[in-house]
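Here is the file upload33.txt (compact mmCIF, C-alpha atoms).
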```
# COMPACT_ATOMS: atom_id res chain seq x y z
CA ALA R 4 12.14 7.27 12.29
CA GLN R 5 8.53 7.52 11.27
CA SER R 6 5.66 5.17 12.04
CA VAL R 7 1.91 4.87 11.62
CA ALA R 8 -0.58 2.93 13.69
CA GLN R 9 -4.06 1.97 12.63
CA PRO R 10 -5.37 0.35 15.81
CA GLU R 11 -8.41 -1.32 14.25
CA ASP R 12 -8.11 -4.13 11.72
CA GLN R 13 -11.82 -3.95 11.03
CA VAL R 14 -14.53 -1.30 11.32
CA ASN R 15 -18.18 -2.15 10.78
CA VAL R 16 -20.90 0.48 10.40
CA ALA R 17 -24.45 0.58 9.14
CA GLU R 18 -25.25 2.50 5.99
CA GLY R 19 -26.22 6.07 6.77
CA ASN R 20 -24.30 6.15 10.06
CA PRO R 21 -21.14 8.19 10.58
CA LEU R 22 -17.84 6.38 10.27
CA THR R 23 -14.39 6.91 11.77
CA VAL R 24 -11.18 5.10 10.86
CA LYS R 25 -8.39 5.85 13.30
CA CYS R 26 -4.76 6.69 12.64
CA THR R 27 -1.93 7.85 14.88
CA TYR R 28 1.57 8.68 13.77
CA SER R 29 5.10 9.41 14.89
CA VAL R 30 7.63 11.49 12.93
CA SER R 31 10.81 13.45 13.57
CA GLY R 32 9.94 16.56 11.60
CA ASN R 33 6.72 18.20 10.48
CA PRO R 34 4.22 15.52 9.42
CA TYR R 35 2.64 15.11 6.03
CA LEU R 36 -0.36 12.81 6.38
CA PHE R 37 -2.33 10.91 3.77
CA TRP R 38 -5.29 8.59 3.46
CA TYR R 39 -5.58 6.08 0.64
CA VAL R 40 -8.34 3.58 -0.19
CA GLN R 41 -7.92 0.20 -1.86
CA TYR R 42 -10.79 -1.63 -3.47
CA PRO R 43 -10.50 -5.38 -4.22
CA ASN R 44 -8.02 -6.23 -6.97
CA ARG R 45 -7.00 -2.59 -7.37
CA GLY R 46 -4.14 -0.37 -6.35
CA LEU R 47 -4.38 2.34 -3.73
CA GLN R 48 -6.25 5.55 -4.54
CA PHE R 49 -5.50 8.88 -2.90
CA LEU R 50 -8.31 10.29 -0.74
CA LEU R 51 -6.87 13.33 1.01
CA LYS R 52 -3.77 14.80 2.61
CA TYR R 53 -2.72 17.20 5.33
CA ILE R 54 0.30 19.37 4.66
CA THR R 55 -0.25 22.52 6.69
CA GLY R 56 -2.96 25.00 7.58
CA ASP R 57 -6.54 24.03 8.39
CA ASN R 58 -6.71 21.00 10.66
CA LEU R 59 -9.85 19.71 8.93
CA VAL R 60 -9.09 18.38 5.49
CA LYS R 61 -11.77 17.50 2.97
CA GLY R 62 -11.18 14.90 0.30
CA SER R 63 -12.77 12.65 -2.29
CA TYR R 64 -16.13 10.89 -1.96
CA GLY R 65 -17.25 13.00 1.02
CA PHE R 66 -14.40 11.90 3.30
CA GLU R 67 -12.63 14.25 5.65
CA ALA R 68 -9.88 13.92 8.22
CA GLU R 69 -8.88 15.95 11.23
CA PHE R 70 -5.26 16.61 12.09
CA ASN R 71 -4.68 16.73 15.84
CA LYS R 72 -1.11 17.64 16.68
CA SER R 73 -1.36 17.14 20.44
CA GLN R 74 -2.77 13.63 20.02
CA THR R 75 -0.63 12.91 16.93
CA SER R 76 -3.74 11.63 15.21
CA PHE R 77 -5.28 11.92 11.76
CA HIS R 78 -8.61 10.10 11.89
CA LEU R 79 -10.65 9.61 8.72
CA LYS R 80 -14.34 10.44 8.94
CA LYS R 81 -17.51 10.53 6.90
CA PRO R 82 -20.87 11.80 8.17
CA SER R 83 -22.97 9.19 6.37
CA ALA R 84 -21.50 5.88 5.20
CA LEU R 85 -22.39 4.17 1.94
CA VAL R 86 -22.20 0.46 1.16
CA SER R 87 -19.82 1.40 -1.67
CA ASP R 88 -17.37 2.82 0.92
CA SER R 89 -16.54 -0.74 1.94
CA ALA R 90 -12.83 -1.15 1.22
CA LEU R 91 -9.36 -1.24 2.79
CA TYR R 92 -8.12 2.12 4.08
CA PHE R 93 -4.49 3.06 4.61
CA CYS R 94 -3.05 5.96 6.54
CA ALA R 95 0.44 7.11 5.55
CA VAL R 96 2.95 9.61 6.91
CA SER R 97 6.09 11.27 5.68
CA ASP R 98 8.15 14.19 6.90
CA ASN R 99 10.70 16.64 5.60
CA THR R 100 13.57 14.47 6.84
CA ASN R 101 12.57 11.51 4.71
CA ALA R 102 11.56 12.89 1.33
CA GLY R 103 9.39 10.70 -0.83
CA LYS R 104 9.37 7.77 1.54
CA SER R 105 5.94 7.46 3.03
CA THR R 106 5.35 4.94 5.77
CA PHE R 107 2.01 3.15 5.58
CA GLY R 108 -0.14 1.72 8.32
CA ASP R 109 -1.32 -1.88 8.27
CA GLY R 110 -4.70 -0.88 6.87
CA THR R 111 -8.24 -0.98 8.22
CA THR R 112 -11.01 -2.91 6.51
CA LEU R 113 -14.21 -0.89 6.50
CA THR R 114 -17.47 -2.79 6.01
CA VAL R 115 -20.68 -0.83 5.56
CA LYS R 116 -23.80 -2.94 5.88
CA PRO R 117 -27.11 -2.02 4.31
CA GLU B 19 -8.06 5.11 -13.68
CA THR B 20 -4.97 6.59 -12.03
CA GLY B 21 -2.77 6.92 -15.10
CA VAL B 22 -0.37 4.22 -13.92
CA THR B 23 -0.56 0.92 -15.81
CA GLN B 24 0.99 -2.33 -14.66
CA THR B 25 1.41 -5.54 -16.63
CA PRO B 26 0.83 -8.37 -16.25
CA ARG B 27 -2.05 -8.32 -13.75
CA HIS B 28 -1.30 -11.87 -12.66
CA LEU B 29 1.89 -13.91 -12.85
CA VAL B 30 2.65 -17.45 -11.77
CA MET B 31 6.27 -18.49 -11.90
CA GLY B 32 8.51 -21.26 -10.73
CA MET B 33 11.49 -20.66 -8.51
CA THR B 34 13.91 -21.02 -11.42
CA ASN B 35 12.10 -18.75 -13.84
CA LYS B 36 13.04 -15.25 -14.92
CA LYS B 37 10.25 -12.76 -15.46
CA SER B 38 9.73 -9.01 -15.51
CA LEU B 39 7.02 -6.71 -14.23
CA LYS B 40 6.30 -3.56 -16.18
CA CYS B 41 4.96 -0.21 -15.07
CA GLU B 42 4.09 2.75 -17.26
CA GLN B 43 2.91 6.25 -16.40
CA HIS B 44 2.00 9.09 -18.72
CA LEU B 45 1.38 11.66 -16.04
CA GLY B 46 4.66 13.47 -16.54
CA HIS B 47 5.84 12.43 -13.09
CA ASN B 48 9.50 12.41 -12.14
CA ALA B 49 9.46 9.82 -9.36
CA MET B 50 8.49 6.16 -9.54
CA TYR B 51 8.29 3.50 -6.85
CA TRP B 52 7.96 -0.24 -6.34
CA TYR B 53 6.01 -1.45 -3.29
CA LYS B 54 5.36 -4.97 -2.06
CA GLN B 55 2.00 -5.73 -0.45
CA SER B 56 1.76 -9.02 1.41
CA ALA B 57 -1.23 -10.31 3.32
CA LYS B 58 -1.32 -9.12 6.94
CA LYS B 59 1.71 -6.86 6.45
CA PRO B 60 2.05 -3.15 5.73
CA LEU B 61 3.17 -1.89 2.37
CA GLU B 62 6.91 -2.26 1.98
CA LEU B 63 8.81 0.28 -0.08
CA MET B 64 11.29 -1.60 -2.27
CA PHE B 65 12.79 0.90 -4.70
CA VAL B 66 12.52 4.59 -5.52
CA TYR B 67 13.63 6.30 -8.70
CA SER B 68 13.82 10.05 -9.12
CA LEU B 69 14.58 11.43 -12.58
CA GLU B 70 15.54 7.90 -13.63
CA GLU B 71 18.16 7.51 -10.90
CA ARG B 72 17.73 5.01 -8.11
CA VAL B 73 17.64 6.82 -4.81
CA GLU B 74 16.42 4.09 -2.50
CA ASN B 75 16.96 0.39 -2.14
CA ASN B 76 15.43 -0.83 1.09
CA SER B 77 17.58 -3.88 1.68
CA VAL B 78 15.79 -5.77 -1.05
CA PRO B 79 17.28 -9.15 -2.01
CA SER B 80 19.28 -9.17 -5.23
CA ARG B 81 16.80 -11.55 -6.84
CA PHE B 82 14.76 -8.37 -7.41
CA SER B 83 16.38 -6.04 -9.93
CA PRO B 84 14.75 -2.73 -10.92
CA GLU B 85 15.27 -0.82 -14.12
CA CYS B 86 14.11 2.67 -15.08
CA PRO B 87 15.00 3.31 -18.74
CA ASN B 88 13.11 6.62 -18.85
CA SER B 89 10.81 8.68 -16.69
CA SER B 90 7.68 6.93 -17.97
CA HIS B 91 8.71 3.30 -17.52
CA LEU B 92 9.77 1.16 -14.62
CA PHE B 93 10.57 -2.54 -14.59
CA LEU B 94 11.12 -5.10 -11.88
CA HIS B 95 13.16 -8.06 -13.07
CA LEU B 96 12.65 -11.25 -11.10
CA HIS B 97 14.87 -14.33 -10.94
CA THR B 98 15.17 -17.35 -8.65
CA LEU B 99 12.38 -16.14 -6.43
CA GLN B 100 11.20 -17.86 -3.27
CA PRO B 101 7.62 -18.80 -2.33
CA GLU B 102 7.63 -16.05 0.33
CA ASP B 103 8.02 -13.53 -2.48
CA SER B 104 4.43 -14.21 -3.50
CA ALA B 105 2.59 -10.90 -3.05
CA LEU B 106 0.94 -8.00 -4.81
CA TYR B 107 3.59 -5.76 -6.36
CA LEU B 108 2.47 -2.18 -6.73
CA CYS B 109 4.02 0.52 -8.84
CA ALA B 110 3.43 4.16 -7.98
CA SER B 111 4.48 7.54 -9.25
CA SER B 112 4.50 11.11 -7.96
CA GLN B 113 5.21 14.49 -9.47
CA GLU B 114 8.42 14.79 -7.48
CA MET B 115 10.10 12.75 -4.77
CA ALA B 116 8.93 15.05 -2.01
CA PRO B 117 7.22 14.40 1.32
CA ASN B 118 4.08 16.35 0.43
CA GLU B 119 3.44 14.61 -2.87
CA LYS B 120 0.59 12.15 -3.21
CA LEU B 121 1.21 8.81 -4.86
CA PHE B 122 -0.60 7.47 -7.90
CA PHE B 123 -0.74 3.67 -7.82
CA GLY B 124 -1.21 1.10 -10.52
CA SER B 125 -3.53 -1.87 -10.00
CA GLY B 126 -0.62 -4.14 -9.22
CA THR B 127 0.73 -7.48 -10.35
CA GLN B 128 -0.39 -10.44 -8.24
CA LEU B 129 2.65 -12.71 -8.17
CA SER B 130 2.57 -16.35 -7.14
CA VAL B 131 5.85 -18.24 -6.80
CA LEU B 132 5.50 -22.01 -6.86
```
Output the structure of this file as structure tokens.
Amino acid sequence: AQSVAQPEDQVNVAEGNPLTVKCTYSVSGNPYLFWYVQYPNRGLQFLLKYITGDNLVKGSYGFEAEFNKSQTSFHLKKPSALVSDSALYFCAVSDNTNAGKSTFGDGTTLTVKP
Amino acid sequence: ETGVTQTPRHLVMGMTNKKSLKCEQHLGHNAMYWYKQSAKKPLELMFVYSLEERVENNSVPSRFSPECPNSSHLFLHLHTLQPEDSALYLCASSQEMAPNEKLFFGSGTQLSVL
């Protein structure tokens, strides 16, 4: 079975400060990890994914995430937050035993204040 | 714009009505999905189609009936729904039904069952 935990319902940061949105996972096989963002009244948009290779993955809009196998984590980061980054962020995981069936976390609401 | 279009954007229906949700993608993808997004709950995978064949039905009540007439179109037929079925219904597609494939989501249909 696979699962994802996003321990924070809400993250608040000031514009210009670094941000981190946390994600931990559990899978049977090798993990495939994703981050998606959802703006109000919209569907989810893909930000980045980890498949294999470099543990630091760079994605859209200046976001990056670091895969940490020993801590089973895949935290989303950005060096300098923008007000327009305010949205709902979802971490998702799948593995090679469960093709095409990603499991999503509960989501974390990021608020960036000017 | 993700290339996945859902109609209608909003739907209000009574418990005895019959309605259908439509999803269309022109990305040349071979896999399509229906997800349910309820407040305070993680995304729930409802149905998966790969090459127009249903490959997943996650214990969804029979009042939800999917249809995939071709690789570009996906429908969700609704009948005798319950108020707890009120949610945002998201359609997604991916190149293949594989664990490393990212999902492209539509903007969703916000369904209210009275």
Review point. Using all atoms listed in the file, which of the listed residues (B:Ala116, B:Ala110, B:Leu129, B:Ser77) sits closest to Gln48 (chain R)?
Key: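 Once distances to Gln48 (chain R) are computed over all atoms listed in the file, the minimum belongs to B:Ala110.
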Point to revise | Between CA of Val131 (chain B) and CA of Leu47 (chain R), distance in Å (one decimal) | key: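 Distance reported for this atom pair: 23.2 Å.
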Point to revise | Residues within 9 Å of (-0.2, 0.4, 3.3), file coords, all atoms listed in the file, listed as an MDAnalysis selection string | key: (chainID R and resid 39 47 92:95 106:110) or (chainID B and resid 55 59:62)
Could you save those same residues with C-alpha atoms as a CSV table (one decimal), in the coordinates of the input?
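As written to disk, part-v4.csv reads:
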```
chain,number,residue,atom,x,y,z
R,39,TYR,CA,-5.6,6.1,0.6
R,47,LEU,CA,-4.4,2.3,-3.7
R,92,TYR,CA,-8.1,2.1,4.1
R,93,PHE,CA,-4.5,3.1,4.6
R,94,CYS,CA,-3.0,6.0,6.5
R,95,ALA,CA,0.4,7.1,5.6
R,106,THR,CA,5.4,4.9,5.8
R,107,PHE,CA,2.0,3.2,5.6
R,108,GLY,CA,-0.1,1.7,8.3
R,109,ASP,CA,-1.3,-1.9,8.3
R,110,GLY,CA,-4.7,-0.9,6.9
B,55,GLN,CA,2.0,-5.7,-0.4
B,59,LYS,CA,1.7,-6.9,6.4
B,60,PRO,CA,2.0,-3.2,5.7
B,61,LEU,CA,3.2,-1.9,2.4
B,62,GLU,CA,6.9,-2.3,2.0
```
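Taking all atoms listed in the file into account, Pro117 (chain R) lies nearest to R:Asn20 out of the set R:Asn20, R:Ser6, R:Ser73, R:Ser97.
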**Study point:** Nearest to Pro34 (chain R), chosen from B:Val73, B:Gly32, B:Ser80, B:Pro117, with only C-alpha atoms counted in the distances
**Key:** B:Pro117
Exercise for review: Pick out the closest residue to Phe77 (chain R) from this set: R:Cys26, R:Leu91, R:Val7, R:Gly56. Count all atoms listed in the file.
Suggested key: R:Cys26
**Study point:** Top pick for closest residue to chain R, considering B:Gln113, B:Asn35, B:Ser125, B:Thr98 and counting all atoms listed in the file
**Key:**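 Checking each of B:Gln113, B:Asn35, B:Ser125, B:Thr98 against chain R, counting all atoms listed in the file, the winner is B:Ser125.
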Point to revise | Contact set, chain B to chain R: 12 Å, all atoms listed in the file, as a ChimeraX atom specification | key: /B:19-24,27-28,48-68,73-76,106-128
Review point. From the set R:Thr23, R:Asn15, R:Gln9, R:Thr112, which residue has the shortest atom-to-atom contact distance to Pro82 (chain R), counting all atoms listed in the file?
Key: R:Thr23
Review point. In Å, with one decimal, what is the gap from CA of Ser76 (chain R) to CA of Ser63 (chain R)?
Key: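 Going from CA of Ser76 (chain R) over to CA of Ser63 (chain R) covers 19.7 Å.
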**Study point:** Within 8 Å of Ser89 (chain R) using all atoms listed in the file, minus same-chain residues under 3 positions, as a VMD selection string
**Key:** chain R and resid 42 85 to 86 112 to 115
Size and centre in Å, one decimal, axis-aligned box, all listed region 32-47 of chain B atoms plus 6 Å per side, as AutoDock Vina command-line options:
```
--center_x 7.6 --center_y -3.9 --center_z -13.6 --size_x 24.5 --size_y 46.7 --size_z 22.2
```
**Study point:** CA of Pro10 (chain R) to CA of Ala105 (chain B), straight-line distance in Å
**Key:** 23.4 Å
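Neighbouring residues of Glu69 (chain R) at 6 Å or closer, counting only C-alpha atoms and skipping chain neighbours under 6 positions away, are Asn58, Leu59, Phe77 and His78 of chain R.
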Practice item. Name the residues in contact with Gly65 (chain R) at a cut-off of 9 Å, using all atoms listed in the file, excluding same-chain residues fewer than 3 positions from it; report them as a count of residues only. Key: 6
Practice item. Find the residues near Pro84 (chain B): any atom within 7 Å, counting all atoms listed in the file, skip ones fewer than 4 places away on the same chain, and give them as a VMD selection string. Key: chain B and resid 93 to 95
Just-selected residues, C-alpha atoms written as a PDB file, in the coordinates of the input:
```
ATOM      1  CA  PHE B  93      10.570  -2.540 -14.590  1.00  0.00           C
ATOM      2  CA  LEU B  94      11.120  -5.100 -11.880  1.00  0.00           C
ATOM      3  CA  HIS B  95      13.160  -8.060 -13.070  1.00  0.00           C
TER       4      HIS B  95
END
```
Output file: region 59-108 of chain B, C-alpha atoms, as a PDB file, in the first residue's frame:
```pdb
ATOM      1  CA  LYS B  59     -10.554  15.053   2.137  1.00  0.00           C
ATOM      2  CA  PRO B  60      -7.775  13.886  -0.181  1.00  0.00           C
ATOM      3  CA  LEU B  61      -8.384  13.323  -3.845  1.00  0.00           C
ATOM      4  CA  GLU B  62     -10.181  10.060  -4.428  1.00  0.00           C
ATOM      5  CA  LEU B  63      -9.478   8.102  -7.587  1.00  0.00           C
ATOM      6  CA  MET B  64     -12.799   6.865  -8.966  1.00  0.00           C
ATOM      7  CA  PHE B  65     -12.124   5.380 -12.396  1.00  0.00           C
ATOM      8  CA  VAL B  66      -9.199   4.803 -14.726  1.00  0.00           C
ATOM      9  CA  TYR B  67      -9.343   4.085 -18.430  1.00  0.00           C
ATOM     10  CA  SER B  68      -6.371   2.971 -20.481  1.00  0.00           C
ATOM     11  CA  LEU B  69      -6.778   2.745 -24.248  1.00  0.00           C
ATOM     12  CA  GLU B  70     -10.533   3.088 -23.738  1.00  0.00           C
ATOM     13  CA  GLU B  71     -10.762   0.091 -21.404  1.00  0.00           C
ATOM     14  CA  ARG B  72     -11.683   0.498 -17.770  1.00  0.00           C
ATOM     15  CA  VAL B  73      -8.851  -0.742 -15.613  1.00  0.00           C
ATOM     16  CA  GLU B  74      -9.865   0.576 -12.230  1.00  0.00           C
ATOM     17  CA  ASN B  75     -13.072   1.015 -10.329  1.00  0.00           C
ATOM     18  CA  ASN B  76     -12.343   1.977  -6.754  1.00  0.00           C
ATOM     19  CA  SER B  77     -15.487   0.683  -5.100  1.00  0.00           C
ATOM     20  CA  VAL B  78     -17.498   3.538  -6.514  1.00  0.00           C
ATOM     21  CA  PRO B  79     -21.287   3.336  -6.039  1.00  0.00           C
ATOM     22  CA  SER B  80     -23.235   2.283  -9.104  1.00  0.00           C
ATOM     23  CA  ARG B  81     -24.988   5.649  -9.226  1.00  0.00           C
ATOM     24  CA  PHE B  82     -21.774   6.800 -10.927  1.00  0.00           C
ATOM     25  CA  SER B  83     -21.318   5.271 -14.372  1.00  0.00           C
ATOM     26  CA  PRO B  84     -18.286   6.110 -16.546  1.00  0.00           C
ATOM     27  CA  GLU B  85     -18.066   5.887 -20.291  1.00  0.00           C
ATOM     28  CA  CYS B  86     -15.038   6.229 -22.567  1.00  0.00           C
ATOM     29  CA  PRO B  87     -16.194   6.133 -26.200  1.00  0.00           C
ATOM     30  CA  ASN B  88     -12.745   6.997 -27.565  1.00  0.00           C
ATOM     31  CA  SER B  89      -9.338   8.021 -26.302  1.00  0.00           C
ATOM     32  CA  SER B  90     -10.207  11.730 -26.338  1.00  0.00           C
ATOM     33  CA  HIS B  91     -13.498  11.674 -24.440  1.00  0.00           C
ATOM     34  CA  LEU B  92     -14.601  10.561 -21.025  1.00  0.00           C
ATOM     35  CA  PHE B  93     -18.032  10.846 -19.454  1.00  0.00           C
ATOM     36  CA  LEU B  94     -19.376  10.377 -15.969  1.00  0.00           C
ATOM     37  CA  HIS B  95     -23.085   9.598 -15.936  1.00  0.00           C
ATOM     38  CA  LEU B  96     -24.877  10.468 -12.723  1.00  0.00           C
ATOM     39  CA  HIS B  97     -28.235   9.225 -11.449  1.00  0.00           C
ATOM     40  CA  THR B  98     -30.049   9.224  -8.113  1.00  0.00           C
ATOM     41  CA  LEU B  99     -27.175  10.922  -6.367  1.00  0.00           C
ATOM     42  CA  GLN B 100     -27.024  11.714  -2.669  1.00  0.00           C
ATOM     43  CA  PRO B 101     -26.184  15.067  -1.037  1.00  0.00           C
ATOM     44  CA  GLU B 102     -22.833  13.631   0.116  1.00  0.00           C
ATOM     45  CA  ASP B 103     -21.889  13.267  -3.542  1.00  0.00           C
ATOM     46  CA  SER B 104     -21.575  17.039  -3.768  1.00  0.00           C
ATOM     47  CA  ALA B 105     -17.925  17.713  -4.636  1.00  0.00           C
ATOM     48  CA  LEU B 106     -15.530  18.874  -7.316  1.00  0.00           C
ATOM     49  CA  TYR B 107     -15.154  16.183  -9.961  1.00  0.00           C
ATOM     50  CA  LEU B 108     -11.840  16.310 -11.755  1.00  0.00           C
TER      51      LEU B 108
END
```
